[in-house]
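J.: Structure supplied as protein21.cif; contents: mmCIF, C-alpha atoms.
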```
data_coords
#
loop_
_atom_site.label_atom_id
_atom_site.label_comp_id
_atom_site.auth_asym_id
_atom_site.auth_seq_id
_atom_site.Cartn_x
_atom_site.Cartn_y
_atom_site.Cartn_z
CA MET A 1415 -78.17 23.35 26.51
CA TYR A 1416 -75.40 25.54 27.98
CA LYS A 1417 -71.65 25.65 27.42
CA LYS A 1418 -69.15 24.51 30.01
CA PRO A 1419 -66.67 27.16 31.20
CA SER A 1420 -63.33 27.11 29.39
CA ALA A 1421 -60.62 25.18 31.25
CA ALA A 1422 -57.93 27.41 29.71
CA ARG A 1423 -59.54 30.52 31.22
CA GLY A 1424 -59.51 28.84 34.59
CA VAL A 1425 -55.76 28.24 34.31
CA ARG A 1426 -55.10 31.94 33.61
CA GLN A 1427 -57.34 33.12 36.45
CA THR A 1428 -55.76 30.68 38.89
CA TYR A 1429 -52.23 31.77 38.00
CA GLU A 1430 -53.17 35.46 38.35
CA GLN A 1431 -54.49 34.76 41.84
CA LEU A 1432 -51.20 33.06 42.68
CA LEU A 1433 -49.31 36.15 41.46
CA LYS A 1434 -51.46 38.48 43.57
CA ALA A 1435 -50.76 36.32 46.63
CA ASN A 1436 -46.99 36.47 45.86
CA LEU A 1437 -46.84 32.70 45.48
CA ARG A 1438 -45.11 32.96 42.08
CA PRO A 1439 -41.96 35.00 41.51
CA GLN A 1440 -42.56 36.35 38.00
CA VAL A 1441 -45.09 36.55 35.20
CA PRO A 1442 -44.50 33.83 32.54
CA ALA A 1443 -44.60 34.58 28.82
CA TRP A 1444 -47.65 32.43 28.18
CA LEU A 1445 -49.71 34.46 30.67
CA ARG A 1446 -49.12 37.65 28.68
CA ALA A 1447 -50.20 35.87 25.50
CA MET A 1448 -53.38 34.58 27.17
CA ARG A 1449 -54.21 38.10 28.36
CA ARG A 1450 -53.95 39.47 24.83
CA VAL A 1451 -55.77 36.54 23.21
CA PRO A 1452 -58.23 35.01 25.69
CA ALA A 1453 -59.19 31.38 25.27
CA ALA A 1454 -62.42 30.59 23.42
CA ASP A 1455 -65.46 28.98 24.99
CA SER A 1456 -65.65 25.23 25.18
CA LEU A 1457 -67.48 23.45 22.36
CA VAL A 1458 -68.78 20.79 24.76
CA ARG A 1459 -72.43 21.34 25.63
CA ASP A 1460 -74.16 19.95 28.69
CA PRO A 1461 -77.88 19.17 29.04
CA SER A 1462 -79.92 22.15 30.10
CA TYR A 1463 -81.31 22.42 33.61
CA PHE A 1464 -84.52 23.76 32.12
CA GLY A 1465 -85.52 20.55 30.29
CA THR A 1466 -88.93 18.92 30.49
CA ALA A 1467 -87.65 15.57 31.77
CA GLY A 1468 -89.67 14.19 34.65
CA ARG A 1469 -92.74 16.39 34.13
CA LEU A 1470 -94.95 13.93 32.28
CA GLU A 1471 -97.43 11.78 34.18
CA PHE A 1472 -95.86 8.43 33.41
CA GLU A 1473 -92.41 9.80 34.36
CA LYS A 1474 -93.70 11.07 37.70
CA LYS A 1475 -95.24 7.67 38.50
CA ARG A 1476 -92.06 5.89 37.51
CA ALA A 1477 -89.95 8.29 39.59
CA ALA A 1478 -92.17 7.71 42.63
CA VAL A 1479 -91.83 3.93 42.29
CA ASN A 1480 -88.05 4.21 41.87
CA ALA A 1481 -87.82 6.51 44.89
CA GLU A 1482 -89.66 4.02 47.09
CA ALA A 1483 -87.41 1.22 45.90
CA ALA A 1484 -84.29 3.37 46.48
CA ASP A 1485 -85.41 4.24 50.03
CA GLY A 1486 -85.78 0.56 50.83
CA GLU A 1487 -82.34 -0.21 49.41
CA GLU A 1488 -80.75 2.64 51.40
CA VAL A 1489 -82.28 1.35 54.63
CA ARG A 1490 -80.98 -2.16 53.95
CA ALA A 1491 -77.56 -0.73 53.01
CA GLU A 1492 -77.38 1.29 56.26
CA ILE A 1493 -78.20 -1.78 58.31
CA LYS A 1494 -75.65 -3.85 56.41
CA ARG A 1495 -72.87 -1.24 56.52
CA SER A 1496 -73.25 -0.22 60.16
CA LEU A 1497 -69.78 0.13 61.72
CA PRO A 1498 -68.69 -0.40 65.31
CA GLU A 1499 -68.42 2.60 67.58
CA GLY A 1500 -65.33 4.70 66.97
CA CYS A 1501 -64.78 3.46 63.40
CA VAL A 1502 -65.02 5.83 60.45
CA SER A 1503 -65.51 4.69 56.86
CA THR A 1504 -63.22 6.38 54.34
CA LYS A 1505 -64.37 4.44 51.28
CA HIS A 1506 -65.93 6.56 48.54
CA SER A 1507 -68.81 5.23 46.48
CA LYS A 1508 -68.56 5.03 42.71
CA ARG A 1509 -71.37 7.56 42.43
CA GLN A 1510 -69.28 10.17 44.25
CA LEU A 1511 -66.16 9.50 42.18
CA ARG A 1512 -67.96 9.46 38.85
CA THR A 1513 -67.32 12.50 36.67
CA ARG A 1514 -70.22 14.46 35.29
CA SER A 1515 -71.38 13.12 31.95
CA THR A 1516 -71.95 15.47 29.01
CA ARG A 1517 -74.45 13.17 27.33
CA PRO A 1518 -78.03 14.38 26.86
CA PRO A 1519 -80.65 12.71 29.08
CA LYS A 1520 -82.34 9.62 27.73
CA ILE A 1521 -85.85 10.37 26.48
CA GLU A 1522 -88.21 7.41 26.65
CA PHE A 1523 -91.97 7.32 26.15
CA PRO A 1524 -94.49 4.54 26.87
CA GLU A 1525 -94.78 3.80 23.14
CA ASP A 1526 -91.10 2.83 23.06
CA ARG A 1527 -91.73 -0.24 25.22
CA LEU A 1528 -94.74 -1.20 23.08
CA ARG A 1529 -92.66 -0.67 19.93
CA ARG A 1530 -89.87 -2.97 21.13
CA GLU A 1531 -92.37 -5.71 22.01
CA PHE A 1532 -94.23 -5.49 18.68
CA TYR A 1533 -91.16 -5.53 16.44
CA LYS A 1534 -89.65 -8.31 18.51
CA ASN A 1535 -92.63 -10.50 17.57
CA HIS A 1536 -92.97 -9.08 14.02
CA PRO A 1537 -89.41 -8.39 12.75
CA PHE A 1538 -90.38 -8.58 9.06
CA GLU A 1539 -92.61 -5.51 9.41
CA LEU A 1540 -89.44 -3.40 9.50
CA ALA A 1541 -88.58 -4.56 5.96
CA ARG A 1542 -92.02 -3.78 4.52
CA PRO A 1543 -92.07 -0.69 2.23
CA ARG A 1544 -93.93 2.32 3.59
CA ILE A 1545 -95.67 5.25 1.92
CA LEU A 1546 -94.01 8.47 3.13
CA MET A 1547 -96.10 10.90 1.07
CA GLU A 1548 -98.60 12.95 3.06
CA VAL A 1549 -101.98 13.04 1.32
CA THR A 1550 -104.06 15.22 3.65
CA GLY A 1551 -101.37 16.98 5.71
CA GLN A 1552 -103.26 16.34 8.97
CA THR A 1553 -101.06 15.86 12.04
CA SER A 1554 -103.77 14.30 14.26
CA SER A 1555 -105.46 10.97 13.58
CA ASP A 1556 -108.44 9.08 14.93
CA TRP A 1557 -107.14 5.98 16.69
CA SER A 1558 -110.53 4.62 17.72
CA GLN A 1559 -110.11 2.15 14.82
CA LEU A 1560 -106.96 0.65 13.39
CA ALA A 1561 -107.77 1.15 9.70
CA SER A 1562 -109.92 4.28 9.76
CA GLY A 1563 -109.38 5.91 6.38
CA ARG A 1564 -105.70 4.93 6.06
CA LYS A 1565 -104.33 3.73 2.76
CA GLN A 1566 -101.57 1.73 4.46
CA VAL A 1567 -101.53 0.14 7.91
CA THR A 1568 -98.04 -0.19 9.40
CA GLY A 1569 -96.56 -1.38 12.67
CA GLU A 1570 -96.53 2.18 14.00
CA ASP A 1571 -100.31 2.33 13.55
CA VAL A 1572 -100.67 -0.84 15.61
CA ILE A 1573 -98.53 0.67 18.39
CA ARG A 1574 -100.56 3.90 18.44
CA TYR A 1575 -103.81 1.94 18.45
CA GLN A 1576 -102.61 -0.24 21.33
CA TYR A 1577 -101.63 2.84 23.34
CA TYR A 1578 -105.05 4.37 22.60
CA LEU A 1579 -106.77 1.26 23.98
CA MET A 1580 -104.64 1.42 27.12
CA GLN A 1581 -105.33 5.11 27.78
CA SER A 1582 -108.94 5.54 26.61
CA LYS A 1583 -110.44 2.10 27.19
CA GLY A 1584 -108.51 1.30 30.36
CA MET A 1585 -107.27 -2.03 28.99
CA SER A 1586 -104.12 -3.72 30.21
CA GLU A 1587 -101.03 -3.81 28.01
CA GLN A 1588 -101.45 -7.49 27.15
CA ALA A 1589 -105.18 -7.22 26.37
CA ALA A 1590 -104.63 -4.14 24.19
CA TYR A 1591 -101.81 -5.93 22.38
CA VAL A 1592 -104.02 -8.94 21.65
CA GLN A 1593 -106.86 -6.79 20.27
CA ALA A 1594 -104.56 -4.56 18.21
CA THR A 1595 -102.65 -7.46 16.65
CA GLU A 1596 -105.89 -9.35 15.95
CA GLU A 1597 -107.26 -6.43 13.91
CA PHE A 1598 -103.84 -6.03 12.29
CA TYR A 1599 -103.88 -9.66 11.12
CA LYS A 1600 -107.32 -9.13 9.59
CA VAL A 1601 -106.07 -6.10 7.65
CA ARG A 1602 -103.03 -8.03 6.40
CA GLY A 1603 -105.23 -10.95 5.35
CA ARG A 1604 -107.56 -8.66 3.42
CA GLU A 1605 -104.58 -7.07 1.65
CA GLU A 1606 -103.24 -10.51 0.64
CA VAL A 1607 -106.63 -11.55 -0.77
CA GLU A 1608 -106.88 -8.30 -2.78
CA ALA A 1609 -103.35 -8.85 -4.15
CA LYS A 1610 -104.20 -12.43 -5.21
CA ILE A 1611 -107.38 -11.31 -6.98
CA ALA A 1612 -105.50 -8.52 -8.77
CA ARG A 1613 -102.82 -11.01 -9.87
CA LYS A 1614 -105.41 -13.41 -11.24
CA GLU A 1615 -107.18 -10.63 -13.15
CA ALA A 1616 -103.87 -9.54 -14.68
CA GLN A 1617 -103.08 -13.12 -15.69
CA ALA A 1618 -106.51 -13.43 -17.27
CA TYR A 1619 -105.65 -10.43 -19.49
CA GLY A 1620 -102.37 -12.03 -20.58
CA ALA A 1621 -99.90 -10.64 -18.05
CA ARG A 1622 -96.96 -12.80 -17.03
CA MET A 1623 -95.68 -12.68 -13.44
CA LEU A 1624 -91.90 -12.59 -13.27
CA GLU A 1625 -91.69 -14.00 -9.75
CA GLU A 1626 -93.77 -17.04 -10.68
CA ARG A 1627 -92.42 -17.90 -14.17
CA PRO A 1628 -89.24 -16.09 -15.23
CA PHE A 1629 -88.48 -15.44 -18.87
CA SER A 1630 -86.28 -17.99 -20.63
CA ALA A 1631 -83.70 -17.17 -23.30
CA HIS A 1632 -85.92 -18.67 -26.02
CA GLN A 1633 -88.88 -16.52 -24.96
CA LEU A 1634 -86.73 -13.37 -24.94
CA VAL A 1635 -85.45 -14.10 -28.46
CA ALA A 1636 -88.97 -14.78 -29.75
CA GLU A 1637 -90.37 -11.60 -28.19
CA THR A 1638 -87.45 -9.55 -29.60
CA ARG A 1639 -88.21 -10.96 -33.06
CA GLU A 1640 -91.89 -10.06 -32.70
CA ILE A 1641 -91.00 -6.53 -31.62
CA ARG A 1642 -88.79 -6.07 -34.67
CA ARG A 1643 -91.55 -7.35 -36.95
CA SER A 1644 -94.01 -4.96 -35.38
CA VAL A 1645 -91.62 -2.04 -35.86
CA LYS A 1646 -91.06 -3.01 -39.50
CA ALA A 1647 -94.80 -3.29 -40.15
CA PHE A 1648 -95.36 0.10 -38.52
CA GLU A 1649 -92.71 1.70 -40.74
CA GLN A 1650 -94.30 0.17 -43.88
CA ARG A 1651 -97.74 1.49 -42.91
CA ARG A 1652 -96.32 4.94 -42.30
CA GLU A 1653 -94.66 4.96 -45.76
CA GLU A 1654 -97.93 3.82 -47.38
CA GLN A 1655 -99.79 6.61 -45.59
CA LYS A 1656 -97.28 9.15 -46.89
CA LEU A 1657 -97.77 7.90 -50.48
CA ARG A 1658 -101.55 8.12 -50.10
CA ASN A 1659 -101.27 11.68 -48.84
CA VAL A 1660 -99.06 12.66 -51.80
CA VAL A 1661 -101.45 11.05 -54.31
CA SER A 1662 -104.48 12.71 -52.76
CA GLU A 1663 -102.78 16.13 -52.84
CA LYS A 1664 -101.94 15.69 -56.54
CA MET A 1665 -105.52 14.68 -57.31
CA PHE A 1666 -106.90 17.76 -55.53
CA ALA A 1667 -104.42 19.97 -57.35
CA ALA A 1668 -105.40 18.52 -60.77
CA ALA A 1669 -109.10 18.93 -59.99
CA GLY A 1670 -108.50 22.57 -59.10
CA GLU A 1671 -106.69 23.26 -62.37
CA THR A 1672 -109.45 21.69 -64.50
CA ALA A 1673 -112.09 23.67 -62.62
#
```
Take the structure in the file and write it out as structure tokens.
T.:
Amino acid sequence: MYKKPSAARGVRQTYEQLLKANLRPQVPAWLRAMRRVPAADSLVRDPSYFGTAGRLEFEKKRAAVNAEAADGEEVRAEIKRSLPEGCVSTKHSKRQLRTRSTRPPKIEFPEDRLRREFYKNHPFELARPRILMEVTGQTSSDWSQLASGRKQVTGEDVIRYQYYLMQSKGMSEQAAYVQATEEFYKVRGREEVEAKIARKEAQAYGARMLEERPFSAHQLVAETREIRRSVKAFEQRREEQKLRNVVSEKMFAAAGETA
């Protein structure tokens, strides 16, 4: 990224050139002020000419295809816009009149297209909670299998696995998508079965599932009453234990005196 030259500095330099060429009669007051306090650099930043855009393999292939298509369109446009002899076209194209944009170049990778297709067919995967904690700290993963040592399989794992099949196995995008989603459905089915078994085991031990049978007002009152009874019984047992400790200490003290 580099800064654009200040427009205010250009105004001062242009006016000084006009003064040197005797095209202005006198020096204005604002020019003296700008000489003493020069204008600051512009805060607008343009994309750098030293970026890496267009150097990746898939970008080069895409650029070659676009160039061939553009050449064909230019040939058809020249044939269509051919003028009679002696006529000159003065119409400017929109591309020539368009000002230079200060936006950064759009960065797009092959996984972005796969990501849009997957989440278009599976929108509810975006609402599924994800584990963000790093357990091992490894930055590289083995994508030869979808669920190879991962505690949680997400949509991003499916996209990486599909891209791995396309690059390493030479599969088409559709075939890799079918295989990746098929294994993904198996993982999701296994997770649902494990959750059902865990729920049944918890119910067997007396747990109550809130989403299946919510608490009623009568049940809440009864459980509050039981909690109070339990607290009262605990306090009584603690007082009894204190009395026993006091009695036992007195007995030991009396036995020591008699001895």
J.: For this structure, which residues satisfy the selection - the PyMOL selection byres ((chain A and resi 1591) around 9) - when it is evaluated on the file as given? I want them as a PyMOL selection string.
T.: chain A and resi 1528+1532+1572-1573+1576-1577+1579+1586-1590+1592-1596
J.: Can you pull out the residues contacting stretch 1439-1452 of chain A? Cut-off 12 Å, using all atoms listed in the file, and skip same-chain residues under 3 positions away; I want them as a list in words.
T.: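 The contact residues come out as Ser1420, Ala1421, Ala1422, Arg1423, Gly1424, Val1425, Arg1426, Gln1427, Thr1428, Tyr1429, Glu1430, Gln1431, Leu1432, Leu1433, Lys1434, Ala1435, Asn1436 and Asp1455 of chain A.
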J.: Expanded to explicit residues, what is the PyMOL selection byres ((chain A and resi 1601) around 12) for this file, as an mmCIF file with C-alpha atoms, keeping the file's coordinate frame?
T.:
```
data_model
loop_
_atom_site.group_PDB
_atom_site.id
_atom_site.type_symbol
_atom_site.label_atom_id
_atom_site.label_comp_id
_atom_site.auth_asym_id
_atom_site.auth_seq_id
_atom_site.Cartn_x
_atom_site.Cartn_y
_atom_site.Cartn_z
ATOM 1 C CA GLN A 1559 -110.110 2.150 14.820
ATOM 2 C CA LEU A 1560 -106.960 0.650 13.390
ATOM 3 C CA ALA A 1561 -107.770 1.150 9.700
ATOM 4 C CA SER A 1562 -109.920 4.280 9.760
ATOM 5 C CA ARG A 1564 -105.700 4.930 6.060
ATOM 6 C CA LYS A 1565 -104.330 3.730 2.760
ATOM 7 C CA GLN A 1566 -101.570 1.730 4.460
ATOM 8 C CA VAL A 1567 -101.530 0.140 7.910
ATOM 9 C CA THR A 1568 -98.040 -0.190 9.400
ATOM 10 C CA GLY A 1569 -96.560 -1.380 12.670
ATOM 11 C CA ASP A 1571 -100.310 2.330 13.550
ATOM 12 C CA VAL A 1572 -100.670 -0.840 15.610
ATOM 13 C CA ALA A 1594 -104.560 -4.560 18.210
ATOM 14 C CA THR A 1595 -102.650 -7.460 16.650
ATOM 15 C CA GLU A 1596 -105.890 -9.350 15.950
ATOM 16 C CA GLU A 1597 -107.260 -6.430 13.910
ATOM 17 C CA PHE A 1598 -103.840 -6.030 12.290
ATOM 18 C CA TYR A 1599 -103.880 -9.660 11.120
ATOM 19 C CA LYS A 1600 -107.320 -9.130 9.590
ATOM 20 C CA ARG A 1602 -103.030 -8.030 6.400
ATOM 21 C CA GLY A 1603 -105.230 -10.950 5.350
ATOM 22 C CA ARG A 1604 -107.560 -8.660 3.420
ATOM 23 C CA GLU A 1605 -104.580 -7.070 1.650
ATOM 24 C CA GLU A 1606 -103.240 -10.510 0.640
ATOM 25 C CA VAL A 1607 -106.630 -11.550 -0.770
ATOM 26 C CA GLU A 1608 -106.880 -8.300 -2.780
#
```
J.: Measure the distance from atom CA of A:Arg1476 to atom CA of A:Asn1535 in Å and round it to one decimal.
T.: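 According to the coordinates, atom CA of A:Arg1476 and atom CA of A:Asn1535 are separated by 25.8 Å.
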